[in-house]
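Below is final00.cif, holding mmCIF, C-alpha atoms.
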```cif
data_query
#
loop_
_atom_site.label_atom_id
_atom_site.label_comp_id
_atom_site.auth_asym_id
_atom_site.auth_seq_id
_atom_site.Cartn_x
_atom_site.Cartn_y
_atom_site.Cartn_z
CA MET A 670 4.88 9.09 -10.48
CA SER A 671 2.32 11.45 -9.18
CA ASP A 672 -1.37 10.73 -9.46
CA GLY A 673 -2.40 13.96 -7.87
CA LEU A 674 -2.13 12.45 -4.44
CA THR A 675 1.33 13.71 -3.66
CA LEU A 676 -0.36 16.68 -2.24
CA ASP A 677 2.64 18.61 -1.09
CA TYR A 678 4.55 18.28 -4.32
CA PRO A 679 2.45 19.40 -7.25
CA ARG A 680 4.32 18.80 -10.45
CA THR A 681 2.31 21.49 -12.15
CA SER A 682 3.65 24.20 -9.92
CA PRO A 683 6.44 26.19 -11.51
CA LYS A 684 8.36 25.85 -8.29
CA PRO A 685 7.02 23.09 -6.08
CA PRO A 686 6.26 24.32 -2.58
CA SER A 687 8.11 21.38 -1.19
CA MET A 688 11.21 22.51 -3.01
CA ARG A 689 11.04 25.77 -1.11
CA SER A 690 10.45 24.09 2.18
CA ALA A 691 12.95 23.12 4.75
CA PRO A 692 14.08 19.52 4.48
CA PRO A 693 13.45 16.95 7.19
CA GLN A 694 13.51 18.42 10.68
CA PRO A 695 13.85 15.55 13.07
CA THR A 696 13.96 15.64 16.80
CA PRO A 697 16.77 15.18 17.06
CA VAL A 698 16.75 14.13 13.45
CA ALA A 699 13.13 13.59 12.60
CA PRO A 700 11.99 14.02 9.03
CA THR A 701 9.93 16.89 7.81
CA LEU A 702 6.91 14.76 7.92
CA THR A 703 4.39 15.35 5.28
CA PRO A 704 1.44 13.02 5.48
CA VAL A 705 0.01 12.45 2.08
CA ALA A 706 -2.55 10.25 0.51
CA PRO A 707 -1.86 6.58 0.03
CA ARG A 708 -0.75 5.51 -3.39
CA PRO A 709 -0.70 1.82 -2.82
CA THR A 710 -0.72 0.74 -6.39
CA LEU A 711 1.67 3.29 -7.74
CA GLU A 712 5.41 3.35 -7.76
CA ALA A 713 7.42 6.21 -6.39
CA PRO A 714 8.03 9.10 -8.73
CA GLN A 715 10.63 8.55 -11.34
CA PRO A 716 11.69 10.45 -14.39
CA ALA A 717 11.12 9.03 -17.81
CA SER A 718 14.83 8.70 -18.31
CA THR A 719 15.09 6.04 -15.61
CA VAL A 720 12.71 3.69 -17.37
CA ALA A 721 15.23 1.55 -19.13
CA GLN A 722 14.48 -0.27 -22.33
CA GLU A 723 14.11 -3.91 -21.47
CA SER A 724 16.26 -6.49 -23.13
CA PRO A 725 14.58 -9.40 -24.92
CA ALA A 726 15.78 -11.68 -22.13
CA ALA A 727 14.11 -9.57 -19.49
CA LEU A 728 10.97 -9.44 -21.53
CA THR A 729 10.90 -13.22 -21.76
CA GLU A 730 11.13 -13.58 -18.01
CA ARG A 731 8.61 -10.84 -17.46
CA SER A 732 6.23 -12.17 -20.07
CA VAL A 733 6.11 -15.54 -18.33
CA ARG A 734 5.25 -13.85 -15.07
CA LYS A 735 2.72 -11.62 -16.74
CA ARG A 736 1.05 -14.57 -18.42
CA LEU A 737 0.61 -16.27 -15.06
CA VAL A 738 -0.80 -13.13 -13.49
CA ASP A 739 -3.14 -12.67 -16.42
CA GLU A 740 -4.36 -16.24 -16.09
CA LEU A 741 -4.85 -15.81 -12.38
CA SER A 742 -6.69 -12.55 -12.94
CA LYS A 743 -8.99 -14.25 -15.41
CA ALA A 744 -9.69 -17.00 -12.90
CA PHE A 745 -10.67 -14.38 -10.32
CA ILE A 746 -12.87 -12.52 -12.76
CA ASP A 747 -14.56 -15.79 -13.75
CA ALA A 748 -15.18 -16.42 -10.06
CA ILE A 749 -16.87 -13.04 -9.80
CA GLU A 750 -19.16 -13.91 -12.66
CA LEU A 751 -20.00 -17.21 -11.00
CA SER A 752 -20.59 -15.38 -7.74
CA LYS A 753 -23.07 -13.05 -9.40
CA THR A 754 -25.04 -16.05 -10.59
CA MET A 755 -24.95 -17.59 -7.14
CA VAL A 756 -26.05 -14.33 -5.53
CA ALA A 757 -28.92 -14.05 -7.99
CA ASP A 758 -29.98 -17.56 -7.02
CA ASP A 759 -29.65 -16.78 -3.31
CA GLU A 760 -26.92 -19.37 -3.01
CA ALA A 761 -24.18 -17.08 -1.74
CA ALA A 762 -23.38 -13.65 -0.40
CA PRO A 763 -21.67 -11.23 -2.78
CA ILE A 764 -17.89 -11.44 -2.83
CA ASN A 765 -16.38 -8.83 -0.58
CA ASP A 766 -14.07 -6.77 -2.76
CA GLN A 767 -11.38 -6.47 -0.10
CA THR A 768 -11.32 -10.21 0.49
CA TYR A 769 -11.00 -10.59 -3.24
CA PHE A 770 -8.01 -8.24 -3.47
CA TYR A 771 -6.44 -9.77 -0.40
CA ALA A 772 -6.72 -13.26 -1.86
CA PHE A 773 -5.13 -12.12 -5.08
CA SER A 774 -2.31 -10.41 -3.20
CA VAL A 775 -1.58 -13.63 -1.33
CA LEU A 776 -1.87 -15.99 -4.28
CA ALA A 777 -0.14 -14.08 -7.06
CA PRO A 778 3.41 -14.13 -5.61
CA PRO A 779 3.68 -17.91 -5.13
CA VAL A 780 1.96 -18.65 -8.42
CA VAL A 781 4.45 -16.44 -10.23
CA THR A 782 7.62 -17.24 -8.35
CA MET A 783 7.02 -20.99 -8.25
CA GLU A 784 5.40 -20.99 -11.69
CA LEU A 785 2.49 -22.94 -10.32
CA SER A 786 -0.53 -23.83 -12.35
CA VAL A 787 -3.33 -21.37 -11.77
CA PRO A 788 -5.63 -22.73 -9.08
CA LEU A 789 -9.34 -23.18 -9.41
CA ILE A 790 -10.87 -20.01 -7.97
CA LEU A 791 -14.34 -20.32 -6.52
CA PRO A 792 -16.62 -18.00 -4.59
CA LEU A 793 -17.50 -19.13 -1.09
CA GLN A 794 -21.02 -18.93 0.22
CA ASN A 795 -20.08 -16.36 2.84
CA GLY A 796 -18.67 -13.88 0.31
CA GLY A 797 -15.14 -15.20 0.55
CA ILE A 798 -12.88 -16.74 -2.07
CA GLY A 799 -11.51 -20.26 -2.39
CA ALA A 800 -8.42 -21.41 -4.28
CA GLU A 801 -7.80 -25.09 -5.02
CA TRP A 802 -5.10 -27.20 -6.59
CA HIS A 803 -5.83 -30.87 -7.25
CA ASP A 804 -2.71 -32.06 -9.05
CA HIS A 805 0.07 -34.62 -8.71
CA GLY A 806 -1.59 -36.42 -5.82
CA MET A 807 -2.01 -33.24 -3.81
CA ASN A 808 -5.09 -31.50 -2.58
CA ILE A 809 -4.42 -27.90 -1.56
CA GLU A 810 -7.37 -25.73 -0.67
CA LEU A 811 -7.19 -22.19 0.66
CA ARG A 812 -10.33 -20.46 1.86
CA PHE A 813 -10.17 -16.71 2.25
CA ARG A 814 -13.11 -15.81 4.43
CA ASN A 815 -11.88 -12.30 5.19
CA PRO A 816 -8.59 -10.48 4.84
CA TYR A 817 -6.03 -12.25 7.05
CA HIS A 818 -8.40 -15.14 7.65
CA ILE A 819 -7.02 -18.04 5.60
CA TYR A 820 -8.15 -21.57 6.26
CA ALA A 821 -5.97 -24.22 4.64
CA VAL A 822 -6.66 -27.84 3.75
CA LEU A 823 -3.49 -29.69 2.76
CA GLU A 824 -3.52 -33.35 1.77
CA ASP A 825 -0.95 -35.44 -0.06
CA ALA A 826 -1.68 -38.93 -1.35
CA ARG A 827 2.07 -39.65 -1.42
CA GLY A 828 2.51 -38.70 2.23
CA VAL A 829 5.36 -36.23 1.71
CA ILE A 830 3.29 -33.37 3.09
CA GLN A 831 1.58 -33.98 6.40
CA PRO A 832 -2.19 -33.44 6.41
CA PHE A 833 -3.18 -30.03 7.71
CA HIS A 834 -6.59 -28.53 8.30
CA GLY A 835 -6.58 -25.16 9.99
CA ARG A 836 -5.84 -21.46 9.85
CA ASP A 837 -2.64 -20.53 8.11
CA PRO A 838 -2.54 -16.73 7.79
CA GLY A 839 1.19 -16.59 7.16
CA LEU A 840 1.09 -19.52 4.71
CA VAL A 841 3.58 -21.31 6.90
CA GLN A 842 2.07 -24.74 6.24
CA THR A 843 0.83 -23.94 2.79
CA ARG A 844 4.14 -22.74 1.42
CA ALA A 845 5.76 -26.14 1.91
CA ALA A 846 2.88 -27.83 0.15
CA LEU A 847 3.05 -25.41 -2.76
CA ARG A 848 6.79 -25.96 -3.09
CA GLU A 849 6.18 -29.70 -3.22
CA LEU A 850 3.49 -29.19 -5.82
CA ALA A 851 5.85 -27.05 -7.92
CA THR A 852 8.56 -29.69 -7.65
CA ARG A 853 6.25 -32.43 -8.82
CA ALA A 854 5.02 -30.32 -11.71
CA ILE A 855 8.57 -30.00 -13.00
CA ALA A 856 9.50 -33.65 -12.48
CA MET B 1287 -2.97 9.06 7.48
CA GLY B 1288 -5.84 6.68 7.05
CA VAL B 1289 -7.58 3.37 7.28
CA GLN B 1290 -8.98 0.72 4.99
CA PHE B 1291 -12.20 -1.04 5.91
CA GLN B 1292 -14.01 -4.03 4.48
CA ALA B 1293 -17.37 -3.04 5.87
CA PRO B 1294 -19.67 -1.34 5.48
CA LEU B 1295 -19.93 -0.85 1.75
CA LEU B 1296 -20.52 2.81 1.01
CA THR B 1297 -22.47 4.04 -1.97
CA PRO B 1298 -22.14 7.50 -3.53
CA VAL B 1299 -25.22 8.44 -1.52
CA HIS B 1300 -23.30 7.75 1.69
CA LEU B 1301 -20.38 9.81 0.45
CA GLY B 1302 -22.78 12.68 -0.08
CA LEU B 1303 -24.20 12.30 3.39
CA TYR B 1304 -20.66 12.32 4.78
CA TYR B 1305 -19.96 15.51 2.89
CA GLN B 1306 -22.89 17.18 4.57
CA ARG B 1307 -21.28 16.37 7.91
CA VAL B 1308 -17.90 17.88 7.11
CA LYS B 1309 -18.91 20.56 4.64
CA ALA B 1310 -18.45 23.41 7.12
CA ARG B 1311 -14.76 22.58 7.51
CA PHE B 1312 -14.14 20.97 4.11
CA PRO B 1313 -16.33 22.90 1.69
CA THR B 1314 -14.83 21.89 -1.64
CA ALA B 1315 -15.73 18.49 -3.05
CA GLU B 1316 -14.02 16.76 -5.97
CA VAL B 1317 -14.61 13.40 -7.58
CA GLN B 1318 -11.56 11.20 -8.03
CA PRO B 1319 -11.05 7.66 -9.34
CA PRO B 1320 -11.04 5.00 -6.62
CA ILE B 1321 -7.95 3.40 -5.14
CA GLN B 1322 -7.70 -0.37 -5.00
CA PRO B 1323 -7.61 -2.17 -1.69
CA VAL B 1324 -4.07 -2.93 -0.63
CA PHE B 1325 -2.74 -5.27 2.04
CA GLU B 1326 0.56 -6.06 3.61
CA THR B 1327 0.81 -9.80 3.20
CA PHE B 1328 3.36 -12.20 4.65
CA GLY B 1329 4.70 -15.54 3.68
CA SER B 1330 4.17 -15.28 -0.03
CA GLY B 1331 6.46 -12.47 -1.22
CA PRO B 1332 5.69 -9.10 -2.73
CA MET B 1333 3.12 -8.63 -5.44
CA PRO B 1334 4.78 -9.08 -8.83
CA PHE B 1335 2.25 -6.96 -10.67
CA GLN B 1336 -0.49 -4.53 -9.98
CA PHE B 1337 -3.81 -6.27 -9.94
CA PRO B 1338 -5.78 -5.47 -13.06
CA LEU B 1339 -8.83 -3.48 -12.11
CA GLY B 1340 -12.19 -4.06 -13.64
CA GLY B 1341 -14.91 -6.60 -13.92
CA PHE B 1342 -15.70 -6.49 -10.27
CA THR B 1343 -17.95 -3.72 -9.08
CA PRO B 1344 -19.57 -0.73 -10.68
CA PHE B 1345 -17.50 2.44 -10.57
CA GLN B 1346 -17.36 3.75 -7.04
CA PRO B 1347 -15.90 7.24 -6.76
CA ARG B 1348 -13.41 8.50 -4.27
CA MET B 1349 -14.27 11.92 -2.94
CA TRP B 1350 -11.91 14.69 -1.95
CA PHE B 1351 -13.23 17.15 0.59
CA ARG B 1352 -10.81 20.06 0.78
CA SER B 1353 -10.56 22.66 3.51
CA ALA B 1354 -11.09 26.30 2.59
CA ASP B 1355 -7.41 27.11 3.01
CA ASP B 1356 -6.47 24.05 0.95
CA ALA B 1357 -4.20 22.90 3.77
CA SER B 1358 -6.01 19.68 4.50
CA LEU B 1359 -8.09 17.11 2.77
CA ILE B 1360 -10.37 14.21 3.59
CA GLN B 1361 -10.53 11.37 1.11
CA LEU B 1362 -13.41 8.94 1.32
CA GLN B 1363 -14.47 6.03 -0.83
CA SER B 1364 -16.08 2.74 -0.07
CA GLY B 1365 -13.38 0.93 1.87
CA LYS B 1366 -11.00 3.80 2.55
CA LEU B 1367 -10.81 6.96 4.63
CA PHE B 1368 -7.77 9.23 4.67
CA PHE B 1369 -6.87 12.58 6.08
CA ASN B 1370 -4.07 14.46 4.35
CA TRP B 1371 -2.19 17.56 5.21
CA ARG B 1372 -0.63 19.43 2.34
CA SER B 1373 1.44 22.56 2.15
CA GLY B 1374 -0.62 23.93 -0.72
CA LEU B 1375 -0.03 27.15 -2.53
CA GLN B 1376 -0.04 29.09 0.73
CA GLN B 1377 2.96 27.19 2.07
CA ASN B 1378 1.17 26.12 5.21
CA ALA B 1379 3.37 25.20 8.12
CA TYR B 1380 4.12 21.56 8.74
CA PRO B 1381 1.77 20.26 11.42
CA HIS B 1382 2.90 18.02 14.21
CA PHE B 1383 1.92 14.37 14.02
CA ASP B 1384 -0.50 14.75 16.93
CA ALA B 1385 -2.36 17.49 15.10
CA VAL B 1386 -2.76 15.31 12.02
CA LYS B 1387 -3.83 12.38 14.16
CA THR B 1388 -6.48 14.49 15.86
CA GLU B 1389 -7.87 15.66 12.55
CA PHE B 1390 -7.93 12.15 11.18
CA MET B 1391 -9.81 10.86 14.20
CA LYS B 1392 -12.37 13.63 13.78
CA ALA B 1393 -12.89 12.46 10.21
CA PHE B 1394 -13.15 8.87 11.40
CA ASP B 1395 -15.65 9.81 14.10
CA GLU B 1396 -17.81 11.42 11.45
CA LEU B 1397 -17.70 8.22 9.45
CA GLU B 1398 -18.68 6.14 12.45
CA ALA B 1399 -21.52 8.53 13.25
CA LEU B 1400 -22.78 8.26 9.68
CA VAL B 1401 -22.56 4.48 9.68
CA THR B 1402 -24.50 4.36 12.93
CA SER B 1403 -27.18 6.79 11.83
CA GLU B 1404 -27.68 4.91 8.57
CA GLY B 1405 -27.81 1.55 10.29
CA LEU B 1406 -24.88 0.17 8.30
CA GLY B 1407 -23.34 -1.85 11.11
CA GLU B 1408 -19.81 -1.21 12.26
CA VAL B 1409 -16.69 0.01 10.51
CA ALA B 1410 -14.45 -3.04 10.18
CA ILE B 1411 -10.86 -1.85 9.80
CA ASN B 1412 -8.33 -4.20 8.23
CA GLN B 1413 -5.42 -1.86 7.45
CA CYS B 1414 -4.05 1.37 8.86
CA GLU B 1415 -1.62 3.51 6.98
CA LEU B 1416 0.73 6.41 7.50
CA VAL B 1417 2.70 7.95 4.65
CA TYR B 1418 5.34 10.64 4.72
CA VAL B 1419 6.82 12.21 1.65
CA ASN B 1420 10.21 13.81 2.00
CA PRO B 1421 11.39 15.77 -1.01
CA LEU B 1422 15.12 16.40 -0.69
CA PRO B 1423 15.98 19.01 -3.29
CA VAL B 1424 19.54 19.27 -4.47
CA SER B 1425 19.27 23.03 -3.99
CA VAL B 1426 18.69 22.50 -0.27
CA THR B 1427 20.88 19.51 0.52
CA GLY B 1428 23.73 20.46 -1.76
CA VAL B 1429 24.02 16.79 -2.65
CA PRO B 1430 23.89 15.93 -6.35
CA LEU B 1431 21.93 12.94 -7.56
CA SER B 1432 25.19 11.15 -8.22
CA GLU B 1433 26.05 11.04 -4.50
CA PRO B 1434 23.11 9.52 -2.63
CA GLN B 1435 25.52 8.03 -0.08
CA ARG B 1436 25.93 11.53 1.36
CA ILE B 1437 22.26 11.46 2.38
CA PHE B 1438 21.49 7.77 2.82
CA ARG B 1439 23.59 5.52 4.96
CA VAL B 1440 21.99 2.48 3.37
CA TRP B 1441 23.64 3.34 0.08
CA SER B 1442 27.35 2.94 -0.55
CA ASP B 1443 29.45 4.17 -3.43
CA ALA B 1444 32.05 1.48 -2.75
CA CYS B 1445 32.10 0.05 -6.25
CA GLY B 1446 34.93 -2.11 -7.47
CA GLU B 1447 37.53 -0.56 -9.70
CA GLU B 1448 35.97 -2.30 -12.68
CA TRP B 1449 33.28 0.38 -12.83
CA ARG B 1450 33.94 4.04 -12.20
CA GLU B 1451 31.09 5.72 -14.02
CA PRO B 1452 29.22 8.26 -11.92
CA LEU B 1453 25.76 7.35 -10.78
CA GLU B 1454 23.10 9.02 -12.89
CA ASP B 1455 20.07 8.44 -10.68
CA ILE B 1456 18.63 5.91 -8.28
CA ASN B 1457 15.40 4.13 -7.48
CA PHE B 1458 14.88 1.43 -4.86
CA ASN B 1459 12.63 0.20 -2.07
CA ILE B 1460 13.61 -1.15 1.31
CA ARG B 1461 11.09 -2.94 3.51
CA TYR B 1462 10.96 -3.76 7.19
CA ARG B 1463 8.40 -5.82 9.05
CA PHE B 1464 6.43 -4.84 12.10
CA ASN B 1465 6.22 -7.84 14.41
CA ASP B 1466 4.10 -8.22 17.52
CA THR B 1467 5.47 -9.46 20.84
CA ASP B 1468 5.05 -13.06 19.68
CA GLY B 1469 7.05 -12.40 16.56
CA ASN B 1470 4.08 -12.46 14.24
CA PRO B 1471 4.09 -9.83 11.50
CA PHE B 1472 1.26 -7.32 11.46
CA GLY B 1473 2.58 -4.62 9.19
CA ARG B 1474 5.44 -3.25 7.24
CA LEU B 1475 7.46 -0.09 6.74
CA THR B 1476 8.54 0.62 3.17
CA ALA B 1477 11.00 3.35 2.29
CA ALA B 1478 11.00 4.17 -1.40
CA LEU B 1479 13.84 6.29 -2.69
CA SER B 1480 13.83 7.80 -6.13
CA THR B 1481 15.09 10.81 -8.00
CA VAL B 1482 12.83 13.39 -9.58
CA TRP B 1483 13.10 16.35 -11.86
CA ALA B 1484 10.72 19.23 -11.28
CA GLN B 1485 9.30 21.16 -14.18
CA ASP B 1486 11.66 24.03 -13.52
CA GLY B 1487 14.56 21.67 -14.06
CA SER B 1488 15.52 21.37 -10.42
CA GLN B 1489 16.40 17.93 -9.13
CA ALA B 1490 15.66 16.16 -5.91
CA PHE B 1491 15.81 12.91 -4.12
CA HIS B 1492 12.37 11.76 -3.13
CA LEU B 1493 11.99 9.58 -0.07
CA GLU B 1494 8.54 8.20 0.58
CA MET B 1495 8.02 6.26 3.78
CA THR B 1496 4.88 4.17 4.11
CA ALA B 1497 3.83 2.26 7.19
CA ARG B 1498 0.87 -0.04 6.69
CA GLY B 1499 -0.63 -2.90 8.63
CA GLN B 1500 -3.39 -4.25 10.77
CA PRO B 1501 -4.67 -2.18 13.67
CA ILE B 1502 -3.06 -2.93 17.02
CA GLY B 1503 -6.21 -3.85 18.87
CA SER B 1504 -9.84 -3.13 18.19
CA GLY B 1505 -11.79 0.03 17.57
CA ARG B 1506 -10.43 3.54 17.69
CA ALA B 1507 -7.70 2.57 20.12
CA GLY B 1508 -6.39 -0.03 17.71
CA ILE B 1509 -6.16 2.50 14.92
CA THR B 1510 -4.42 5.07 17.06
CA ALA B 1511 -2.01 2.49 18.41
CA PHE B 1512 -0.97 1.55 14.89
CA HIS B 1513 -0.55 5.15 13.78
CA VAL B 1514 1.56 6.00 16.82
CA HIS B 1515 3.69 2.90 16.25
CA ALA B 1516 4.02 3.80 12.59
CA HIS B 1517 4.98 7.37 13.36
CA GLN B 1518 7.69 6.32 15.77
CA ALA B 1519 8.99 3.74 13.34
CA ILE B 1520 9.18 6.20 10.49
CA VAL B 1521 10.97 8.83 12.55
CA ARG B 1522 13.49 6.31 13.87
CA CYS B 1523 13.99 4.71 10.48
CA PHE B 1524 14.48 8.06 8.81
CA ALA B 1525 17.12 9.02 11.34
CA ALA B 1526 18.80 5.66 10.98
CA ILE B 1527 19.05 5.54 7.22
CA THR B 1528 20.20 9.13 6.72
CA THR B 1529 23.67 10.46 7.38
CA PRO B 1530 25.01 12.63 10.21
CA GLU B 1531 26.02 15.14 7.55
CA MET B 1532 22.38 15.62 6.64
CA HIS B 1533 21.25 15.62 10.25
CA GLU B 1534 23.52 18.56 10.93
CA ARG B 1535 22.32 20.38 7.87
CA TRP B 1536 18.65 19.87 8.64
CA GLU B 1537 18.98 21.01 12.23
CA ARG B 1538 19.75 24.47 10.89
CA TYR B 1539 16.16 24.72 9.77
CA GLN B 1540 14.63 24.05 13.14
#
```

Would you mind writing the structure in this file as structure tokens?
Amino acid sequence: MSDGLTLDYPRTSPKPPSMRSAPPQPTPVAPTLTPVAPRPTLEAPQPASTVAQESPAALTERSVRKRLVDELSKAFIDAIELSKTMVADDEAAPINDQTYFYAFSVLAPPVVTMELSVPLILPLQNGGIGAEWHDHGMNIELRFRNPYHIYAVLEDARGVIQPFHGRDPGLVQTRAALRELATRAIA
Amino acid sequence: MGVQFQAPLLTPVHLGLYYQRVKARFPTAEVQPPIQPVFETFGSGPMPFQFPLGGFTPFQPRMWFRSADDASLIQLQSGKLFFNWRSGLQQNAYPHFDAVKTEFMKAFDELEALVTSEGLGEVAINQCELVYVNPLPVSVTGVPLSEPQRIFRVWSDACGEEWREPLEDINFNIRYRFNDTDGNPFGRLTAALSTVWAQDGSQAFHLEMTARGQPIGSGRAGITAFHVHAHQAIVRCFAAITTPEMHERWERYQ
């Protein structure tokens, strides 16, 4: 869908300029490269006819995922409110909005796909965001100090997951701990 | 072409000061809604939903600064700077990548100069981005929407005999990682294919290729290095995923 950022392809034009243009012209087969604005949160254009009616089964699956995302979103928003109080009391720096979005982008997929409980979301004093699970004998803490700067604390009272304290930007260590947590939640 | 930065935070006053710097070349200003921060993340899977906006910061506008000929555009908001070329109503010629890169760096230099003069610290880049939109009209390619395999090698029409209905339309994303020399991911190339109908009833495939990731190094050089890498990746990927039939057809336009 266009949000006005697909600058070379105005849908309001009777005959879009891009339709009159030559197609990709690579060297030897380079595309007709048309830099346009980023549309990071929008899907590619699609006609209304391609938006299929969802079956009740699909809606059930999707509604579970949506509920988890909604709960996670609420936890983040609550953390913002807490942060504002802390900032007012000179106890913390304001949350950096990009760190906030980055943390959400990292946390939402595993929470949804593993159907994890929503972690406790807390503002950090330096303007970062913390996420914590303290369930089923596990202590999993992720501290997002900046985008791509994730510090993980992983502890397991049952000893299945080895203790880990350190940076884990690719969630290599954390993913195993989260899987274990998800397994224990089901059991 | 653009960048995302976590610092400094820009207020509407700063956007106005930036406008004063570029007004001679980009005289027309428009207010637009802001775009959310976006990151290529690794190890946790793609985002299942768009993050709900709101409750965080007061409304911060995104500004469009358009050139007099409407062929180019600077977009600036707190956290993002982009330079866009567009064909516009005058059907401006497609610029070469280097020309776009030069214009973007001019826009970035203006931002850095503003940040310095206002004592805002340094511009801390966390993502670079390059996007190409390739409309592929049926009227030009001669390929109906039911036969995407004639344009895209990554699509096959080799269905089993159990299903022989013609394809009506198509919509999918394919993603590739950018890895550094140690094998660590620093970005991603996403090719999004869809089908579109223009208001005049004409149909087209629509291929949007987005390369996004962390700068390759620090400062201006790191930004440029990413954009060059992204450009090369997009050109190579485009050539690789499209068919020789289309390559031959498109060469006629050169």

Mind giving me the straight-line distance from atom CA of A:Arg836 to atom CA of A:Arg812 in Å, one decimal?
9.2 Å

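Here atom CA of A:Leu785 and atom CA of A:Leu811 stand 14.7 Å from one another.
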
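Considering only C-alpha atoms, the residue among B:Leu1453, B:Ala1354, B:Ala1484, B:Leu1400 positioned nearest to chain A is B:Ala1484.
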
Using only C-alpha atoms, find the one residue out of A:Val781, A:Leu791, A:Ile809, A:Val756 that sits nearest to chain B.
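Of A:Val781, A:Leu791, A:Ile809, A:Val756, the one nearest chain B, counting only C-alpha atoms, is A:Val781.
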
Set the distance at 12 Å and use only C-alpha atoms: which residues neighbour A:Tyr817 once local chain neighbours fewer than 3 positions away are removed? I'd like the list as a PyMOL selection string.
(chain A and resi 767-772+774-775+797+811-814+820+836-840) or (chain B and resi 1292+1325-1329+1411-1413+1471-1473+1499-1500)

On this structure, which residues satisfy the PyMOL selection byres ((chain B and resi 1306-1320) around 6), written as a PyMOL selection string?
chain B and resi 1303-1305+1321+1347-1353

Which residues, named as in the file, does the PyMOL selection byres ((chain A and resi 851) around 12) pick out? Answer as number ranges by chain.
A: 779-787, 802, 804-805, 807, 844-850, 852-856

Identify, on the basis of all atoms listed in the file, every residue whose closest approach to B:Pro1294 does not exceed 9 Å; exclude the query and any residue fewer than 6 positions from it along the same chain; express the result as a PDB file with C-alpha atoms, keeping the file's coordinate frame.
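selection-v2.pdb was written with the following content:
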```pdb
ATOM      1  CA  SER B1364     -16.080   2.740  -0.070  1.00  0.00           C
ATOM      2  CA  GLY B1365     -13.380   0.930   1.870  1.00  0.00           C
ATOM      3  CA  VAL B1401     -22.560   4.480   9.680  1.00  0.00           C
ATOM      4  CA  LEU B1406     -24.880   0.170   8.300  1.00  0.00           C
ATOM      5  CA  GLY B1407     -23.340  -1.850  11.110  1.00  0.00           C
ATOM      6  CA  GLU B1408     -19.810  -1.210  12.260  1.00  0.00           C
ATOM      7  CA  VAL B1409     -16.690   0.010  10.510  1.00  0.00           C
ATOM      8  CA  ALA B1410     -14.450  -3.040  10.180  1.00  0.00           C
TER       9      ALA B1410
END
```

Between atom CA of B:Arg1372 and atom CA of B:Ile1456, what is the spacing in Å?
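Atom CA of B:Ile1456 sits 25.8 Å away from atom CA of B:Arg1372.
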
Write out as an NGL selection string which residues come within 10 Å of A:Lys753 when counting only C-alpha atoms, dropping same-chain ones fewer than 4 positions away.
(:A and (747-749 or 757-764 or 792)) or (:B and (1342))

Restricting it to C-alpha atoms, dump the selection as a short mmCIF file (atom, residue, chain, number, x, y, z; two decimals), keeping the file's coordinate frame.
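As written to disk, result_11.cif reads:
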```cif
data_model
loop_
_atom_site.label_atom_id
_atom_site.label_comp_id
_atom_site.auth_asym_id
_atom_site.auth_seq_id
_atom_site.Cartn_x
_atom_site.Cartn_y
_atom_site.Cartn_z
CA ASP A 747 -14.56 -15.79 -13.75
CA ALA A 748 -15.18 -16.42 -10.06
CA ILE A 749 -16.87 -13.04 -9.80
CA ALA A 757 -28.92 -14.05 -7.99
CA ASP A 758 -29.98 -17.56 -7.02
CA ASP A 759 -29.65 -16.78 -3.31
CA GLU A 760 -26.92 -19.37 -3.01
CA ALA A 761 -24.18 -17.08 -1.74
CA ALA A 762 -23.38 -13.65 -0.40
CA PRO A 763 -21.67 -11.23 -2.78
CA ILE A 764 -17.89 -11.44 -2.83
CA PRO A 792 -16.62 -18.00 -4.59
CA PHE B 1342 -15.70 -6.49 -10.27
#
```

On this structure, which residues satisfy the PyMOL selection byres ((chain B and resi 1532) around 10), written as a PyMOL selection string?
(chain A and resi 692-693+698) or (chain B and resi 1427-1429+1436-1438+1525+1528-1531+1533-1537)

Return the single residue from A:Ser742, A:Gln831, A:Asn808, A:Asn795 that is closest to chain B, with distances computed using all atoms listed in the file.
A:Ser742

Take the point (-6.4, -16.0, -15.2) as written in the file and pick out every residue within 12 Å of it, counting only C-alpha atoms; give the list as a list in words.
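With a cut-off of 12 Å, the residues come to Arg734, Lys735, Arg736, Leu737, Val738, Asp739, Glu740, Leu741, Ser742, Lys743, Ala744, Phe745, Ile746, Asp747, Ala748, Phe773, Leu776, Ala777, Val780, Val781, Ser786, Val787, Pro788, Leu789 and Ile790 of chain A; Phe1337 and Pro1338 of chain B.
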
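The residue that comes closest to chain B, out of A:Glu750, A:Met755, A:Gly835, A:Val733 and on the basis of all atoms listed in the file, is A:Glu750.
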
Nearest residue to chain B out of A:Asn815, A:Val829, A:Ala800, A:Leu823, using all atoms listed in the file?
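Looking only at the distances to chain B, the closest residue turns out to be A:Asn815.
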